[in-house]
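Engineer: Input structure: model.tsv, which contains TSV, C-alpha atoms and all ligand atoms.
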chain	number	residue	atom	x	y	z
A	1	MET	CA	-34.29	37.86	-16.73
A	2	ARG	CA	-34.49	37.25	-13.03
A	3	ARG	CA	-34.29	33.64	-11.94
A	4	ALA	CA	-36.62	32.80	-9.11
A	5	GLY	CA	-34.61	31.32	-6.30
A	6	PHE	CA	-35.35	29.97	-2.89
A	7	ARG	CA	-35.01	33.35	-1.29
A	8	ASP	CA	-37.94	34.48	-3.45
A	9	CYS	CA	-40.34	31.91	-2.13
A	10	PHE	CA	-42.03	31.00	1.07
A	11	CYS	CA	-40.70	28.01	2.94
A	12	SER	CA	-42.14	26.33	5.96
A	13	SER	CA	-41.31	28.26	9.07
A	14	ALA	CA	-40.47	24.92	10.67
A	15	PHE	CA	-37.39	24.63	8.45
A	16	ASP	CA	-34.74	27.15	7.59
A	17	PRO	CA	-32.93	25.92	4.47
A	18	PHE	CA	-30.54	28.83	4.78
A	19	GLY	CA	-29.47	27.96	8.27
A	20	PRO	CA	-25.86	26.95	9.02
A	21	ASP	CA	-24.69	23.93	6.98
A	22	ARG	CA	-28.13	23.38	5.50
A	23	TYR	CA	-28.14	25.46	2.35
A	24	ASP	CA	-25.69	23.32	0.34
A	25	GLN	CA	-27.45	20.15	1.37
A	26	PHE	CA	-30.79	21.68	0.50
A	27	VAL	CA	-29.90	22.88	-2.99
A	28	ALA	CA	-28.11	19.62	-3.80
A	29	GLN	CA	-31.42	17.79	-3.67
A	30	GLN	CA	-33.40	17.13	-6.82
A	31	HIS	CA	-35.83	19.95	-7.49
A	32	VAL	CA	-39.45	19.11	-8.25
A	33	VAL	CA	-41.49	22.00	-9.63
A	34	ILE	CA	-45.26	21.72	-9.55
A	35	ILE	CA	-47.35	24.09	-11.67
A	36	GLY	CA	-50.78	24.50	-10.10
A	37	GLY	CA	-52.02	24.43	-6.54
A	38	GLY	CA	-55.39	22.81	-7.15
A	39	PHE	CA	-56.50	19.26	-6.40
A	40	GLY	CA	-53.67	17.69	-8.36
A	41	GLY	CA	-50.84	20.01	-7.40
A	42	ILE	CA	-51.54	19.97	-3.68
A	43	GLU	CA	-51.90	16.20	-3.69
A	44	ALA	CA	-48.61	15.83	-5.56
A	45	ALA	CA	-46.80	18.17	-3.14
A	46	ARG	CA	-48.16	16.30	-0.15
A	47	GLY	CA	-47.22	12.98	-1.69
A	48	LEU	CA	-43.61	14.19	-1.84
A	49	ARG	CA	-43.62	15.20	1.82
A	50	LYS	CA	-41.14	12.52	2.84
A	51	ALA	CA	-39.21	12.28	-0.42
A	52	PRO	CA	-35.57	13.47	-0.43
A	53	VAL	CA	-36.38	16.29	-2.84
A	54	ARG	CA	-37.16	19.97	-2.60
A	55	VAL	CA	-40.53	20.93	-3.94
A	56	THR	CA	-41.55	24.27	-5.38
A	57	LEU	CA	-45.23	24.76	-6.09
A	58	VAL	CA	-46.08	27.72	-8.31
A	59	ASP	CA	-49.59	29.04	-8.79
A	60	ARG	CA	-50.91	32.25	-10.32
A	61	ARG	CA	-53.35	32.49	-7.42
A	62	ASN	CA	-52.36	32.61	-3.80
A	63	HIS	CA	-55.17	30.31	-2.76
A	64	TYR	CA	-56.47	26.81	-3.26
A	65	LEU	CA	-60.09	26.72	-4.39
A	66	PHE	CA	-62.44	23.86	-3.61
A	67	GLN	CA	-64.40	24.06	-6.85
A	68	PRO	CA	-67.15	21.52	-6.04
A	69	LEU	CA	-68.61	24.02	-3.55
A	70	LEU	CA	-68.63	26.96	-5.96
A	71	TYR	CA	-72.35	26.48	-6.44
A	72	GLN	CA	-72.96	27.04	-2.75
A	73	VAL	CA	-71.01	30.31	-2.99
A	74	ALA	CA	-72.95	31.31	-6.10
A	75	THR	CA	-76.19	30.78	-4.19
A	76	ALA	CA	-74.89	32.58	-1.07
A	77	ALA	CA	-75.04	29.45	1.06
A	78	LEU	CA	-71.31	29.81	1.73
A	79	ASN	CA	-68.80	32.65	1.80
A	80	PRO	CA	-65.95	32.59	-0.74
A	81	SER	CA	-63.55	32.25	2.18
A	82	ASP	CA	-65.22	28.97	3.17
A	83	ILE	CA	-63.98	27.26	0.02
A	84	ALA	CA	-60.64	29.03	-0.47
A	85	SER	CA	-57.50	28.66	1.56
A	86	PRO	CA	-54.00	30.10	1.09
A	87	ILE	CA	-51.74	27.52	-0.52
A	88	ARG	CA	-48.95	28.62	1.78
A	89	ARG	CA	-51.07	27.77	4.78
A	90	ILE	CA	-51.89	24.32	3.43
A	91	LEU	CA	-48.21	23.51	2.93
A	92	ARG	CA	-46.83	25.47	5.86
A	93	GLY	CA	-45.86	22.38	7.81
A	94	GLN	CA	-44.11	20.67	4.92
A	95	ARG	CA	-40.41	21.10	5.44
A	96	ASN	CA	-39.32	20.42	1.87
A	97	ALA	CA	-41.93	22.61	0.15
A	98	CYS	CA	-41.89	26.20	-1.04
A	99	VAL	CA	-44.73	28.14	-2.64
A	100	ILE	CA	-44.30	30.79	-5.32
A	101	LEU	CA	-46.99	33.11	-6.59
A	102	GLY	CA	-46.37	33.20	-10.32
A	103	ASP	CA	-47.84	32.74	-13.75
A	104	ALA	CA	-46.23	29.95	-15.76
A	105	LEU	CA	-46.02	31.08	-19.37
A	106	SER	CA	-44.01	28.36	-21.06
A	107	ILE	CA	-41.83	25.33	-20.45
A	108	ASP	CA	-38.43	24.72	-21.99
A	109	THR	CA	-38.13	20.96	-21.70
A	110	GLN	CA	-34.63	20.95	-23.18
A	111	LYS	CA	-33.21	23.34	-20.61
A	112	LYS	CA	-35.67	22.19	-17.94
A	113	ILE	CA	-36.86	25.68	-17.17
A	114	VAL	CA	-40.33	27.01	-16.47
A	115	GLN	CA	-40.73	30.54	-17.74
A	116	LEU	CA	-42.75	32.65	-15.32
A	117	ALA	CA	-44.22	36.08	-16.02
A	118	ASP	CA	-41.57	37.59	-13.76
A	119	GLY	CA	-38.71	35.12	-13.74
A	120	GLU	CA	-37.81	31.54	-14.42
A	121	LEU	CA	-37.60	28.32	-12.44
A	122	ALA	CA	-35.16	25.49	-13.11
A	123	TYR	CA	-36.37	21.99	-12.36
A	124	ASP	CA	-35.20	18.40	-12.35
A	125	TYR	CA	-38.72	17.02	-12.43
A	126	LEU	CA	-41.84	18.88	-13.49
A	127	ILE	CA	-45.44	18.17	-12.57
A	128	VAL	CA	-48.01	20.10	-14.57
A	129	ALA	CA	-51.31	20.29	-12.68
A	130	ALA	CA	-52.68	23.49	-14.16
A	131	GLY	CA	-56.24	22.21	-14.46
A	132	ALA	CA	-58.55	22.49	-17.43
A	133	THR	CA	-60.97	24.98	-18.80
A	134	HIS	CA	-64.30	24.78	-20.53
A	135	SER	CA	-64.67	24.79	-24.31
A	136	TYR	CA	-67.25	26.49	-26.45
A	137	PHE	CA	-66.34	24.36	-29.43
A	138	GLY	CA	-65.39	27.35	-31.51
A	139	HIS	CA	-68.40	29.41	-30.44
A	140	GLU	CA	-66.79	31.96	-28.15
A	141	GLU	CA	-69.98	34.06	-28.37
A	142	TRP	CA	-71.61	31.47	-26.09
A	143	LEU	CA	-69.36	32.72	-23.28
A	144	GLU	CA	-71.69	35.60	-22.54
A	145	ALA	CA	-74.70	33.33	-22.08
A	146	ALA	CA	-72.84	30.58	-20.22
A	147	PRO	CA	-69.76	31.91	-18.42
A	148	GLY	CA	-67.37	29.45	-16.81
A	149	ALA	CA	-67.96	28.40	-13.24
A	150	GLY	CA	-64.38	27.55	-12.31
A	151	ARG	CA	-63.63	30.68	-10.27
A	152	VAL	CA	-65.32	32.40	-7.40
A	153	ARG	CA	-65.86	35.48	-9.55
A	154	GLY	CA	-66.98	33.54	-12.62
A	155	GLY	CA	-69.15	31.21	-10.56
A	156	ARG	CA	-71.25	34.01	-9.13
A	157	ALA	CA	-74.57	34.73	-10.73
A	201	LIG	C1	-68.39	24.19	-10.36
A	201	LIG	C2	-67.57	22.94	-10.29
A	201	LIG	C3	-68.03	21.84	-9.55
A	201	LIG	C4	-67.30	20.67	-9.49
A	201	LIG	N1	-67.76	19.62	-8.74
A	201	LIG	C5	-67.02	18.49	-8.63
A	201	LIG	C6	-67.46	17.38	-7.83
A	201	LIG	O1	-68.55	17.42	-7.22
A	201	LIG	N2	-66.69	16.29	-7.76
A	201	LIG	C7	-65.49	16.21	-8.43
A	201	LIG	O2	-64.81	15.19	-8.33
A	201	LIG	N3	-65.06	17.23	-9.19
A	201	LIG	C8	-65.78	18.36	-9.31
A	201	LIG	N4	-65.34	19.39	-10.09
A	201	LIG	C9	-64.10	19.21	-10.84
A	201	LIG	C10	-62.89	19.40	-9.97
A	201	LIG	O3	-62.99	20.62	-9.25
A	201	LIG	C11	-61.67	19.41	-10.90
A	201	LIG	O4	-61.63	18.15	-11.56
A	201	LIG	C12	-60.39	19.61	-10.13
A	201	LIG	O5	-60.40	20.84	-9.48
A	201	LIG	C13	-59.23	19.52	-11.09
A	201	LIG	O6	-58.06	19.60	-10.33
A	201	LIG	P1	-56.72	20.12	-11.00
A	201	LIG	O7	-55.65	20.07	-9.96
A	201	LIG	O8	-56.49	19.38	-12.27
A	201	LIG	O9	-57.01	21.62	-11.42
A	201	LIG	P2	-57.51	22.85	-10.54
A	201	LIG	O10	-58.08	22.41	-9.24
A	201	LIG	O11	-58.32	23.68	-11.46
A	201	LIG	O12	-56.15	23.62	-10.20
A	201	LIG	C14	-55.35	24.19	-11.20
A	201	LIG	C15	-54.48	25.24	-10.56
A	201	LIG	O13	-53.49	25.64	-11.50
A	201	LIG	C16	-53.35	27.05	-11.46
A	201	LIG	N5	-52.85	27.46	-12.77
A	201	LIG	C17	-53.43	27.28	-13.97
A	201	LIG	N6	-52.65	27.72	-14.95
A	201	LIG	C18	-51.55	28.24	-14.33
A	201	LIG	C19	-50.37	28.88	-14.83
A	201	LIG	N7	-50.17	29.07	-16.15
A	201	LIG	N8	-49.43	29.29	-13.94
A	201	LIG	C20	-49.62	29.11	-12.61
A	201	LIG	N9	-50.72	28.50	-12.09
A	201	LIG	C21	-51.67	28.07	-12.95
A	201	LIG	C22	-54.74	27.58	-11.14
A	201	LIG	O14	-54.67	28.87	-10.55
A	201	LIG	C23	-55.25	26.52	-10.17
A	201	LIG	O15	-54.98	26.85	-8.82
A	201	LIG	C24	-66.06	20.58	-10.17
A	201	LIG	C25	-65.59	21.70	-10.91
A	201	LIG	C26	-66.32	22.85	-10.97
A	201	LIG	C27	-65.79	24.06	-11.75
Please re-express this file's structure in structure tokens.
Structural biologist:
Amino acid sequence: MRRAGFRDCFCSSAFDPFGPDRYDQFVAQQHVVIIGGGFGGIEAARGLRKAPVRVTLVDRRNHYLFQPLLYQVATAALNPSDIASPIRRILRGQRNACVILGDALSIDTQKKIVQLADGELAYDYLIVAAGATHSYFGHEEWLEAAPGAGRVRGGRA
């Protein structure tokens, strides 16, 4: 299984961790992995902006979605692009942050590894900010009448 490394992910163009004398220093830092680039994950990454750690944020989508305005998209008051922004763009100026597009499947807390659909990520500290989903209280047939509104596609009428 391929292990996702720093050469697999985007890092701020303002900082080259692979530059001369920087790589060893960079990888020696504690590694914080954040699952989810929504409200919680972005806030956590930003909060670590000045911390002496390297941060890897992994999300299955390449964009942050401002869910409170989904209704305006559903009613055509806004374009989907008005409420979505690439996560890489949001964190592009953060020198200690990398963004990986990936689907987290499981977490091995003993080995401190996040299993992705196409690799794995080792961490020292893990922040899980993968959001929540709606529940039909065992009545999945209600899905057809009341689909979830948490995505641009699902939120459209
Ligand atoms: C229609 C609507 C309107 C809302 N209006 C308001 C409002 O007016 N005010 C308010 O305070 N709140 C509102 N909310 C709620 C608010 O949007 C959520 O509370 C907030 O987005 C939760 O943030 P989060 O970081 O926990 O999760 P999210 O913002 O949902 O982010 C989770 C992220 O994790 C990623 N992810 C999930 N699973 C995985 C995985 N296995 N691997 C990789 N990535 C994964 C997702 O792609 C997503 O980017 C609204 C929600 C909806 C749906």
Engineer: When distances are computed from only C-alpha atoms, which of A:Leu48, A:Asp82, A:Arg95, A:Asp124 shows the smallest separation from Asp108 in chain A?
Structural biologist: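 Among the listed residues, the smallest separation from Asp108 in chain A belongs to A:Asp124.
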Engineer: Please identify every polymer residue within 9 Å of ligand LIG 201 (chain A), using all atoms listed in the file, and present the set as JSON, numbers by chain.
Structural biologist: {"A": [35, 36, 37, 38, 39, 40, 41, 42, 43, 57, 58, 59, 60, 61, 62, 63, 64, 65, 66, 67, 68, 69, 70, 71, 87, 101, 102, 103, 104, 105, 106, 116, 117, 128, 129, 130, 131, 132, 133, 134, 148, 149, 150, 151, 155]}
Engineer: Taking into account all atoms listed in the file, which residue in the set A:Ala77, A:Ala44, A:Val33, A:Arg88 is nearest to Val114 in chain A?
Structural biologist: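 Of A:Ala77, A:Ala44, A:Val33, A:Arg88, the one nearest Val114 in chain A, counting all atoms listed in the file, is A:Val33.
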Engineer: Quick one: of A:Asn96, A:Thr75, A:Ser135, A:Ser81, who's nearest to Pro52 in chain A, counting all atoms listed in the file?
Structural biologist: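 Closest to Pro52 in chain A, using all atoms listed in the file: A:Asn96.
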Engineer: Can you report as AutoDock Vina command-line options the centre and edge lengths in Å, to one decimal, of an axis-aligned box around the listed atoms of range 36-54 of chain A padded with 8 Å on each side?
Structural biologist:
--center_x -46.0 --center_y 18.4 --center_z -3.6 --size_x 36.9 --size_y 28.2 --size_z 28.9
Engineer: Quick one: distance from CA of Ile107 in chain A to CA of Arg89 in chain A in Å, one decimal?
Structural biologist: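 Straight-line distance from CA of Ile107 in chain A to CA of Arg89 in chain A works out to 27.0 Å.
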Engineer: Given all atoms listed in the file as the basis, pick out the residue of A:Val73, A:Val99, A:Ile127, A:Val55 nearest to Gln29 in chain A.
Structural biologist: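 Of A:Val73, A:Val99, A:Ile127, A:Val55, the one nearest Gln29 in chain A is A:Val55, counting all atoms listed in the file.
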Engineer: Rounded to one decimal place, report the CA of Thr109 in chain A-CA of Tyr125 in chain A distance in Å.
Structural biologist: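 Straight-line distance from CA of Thr109 in chain A to CA of Tyr125 in chain A works out to 10.1 Å.
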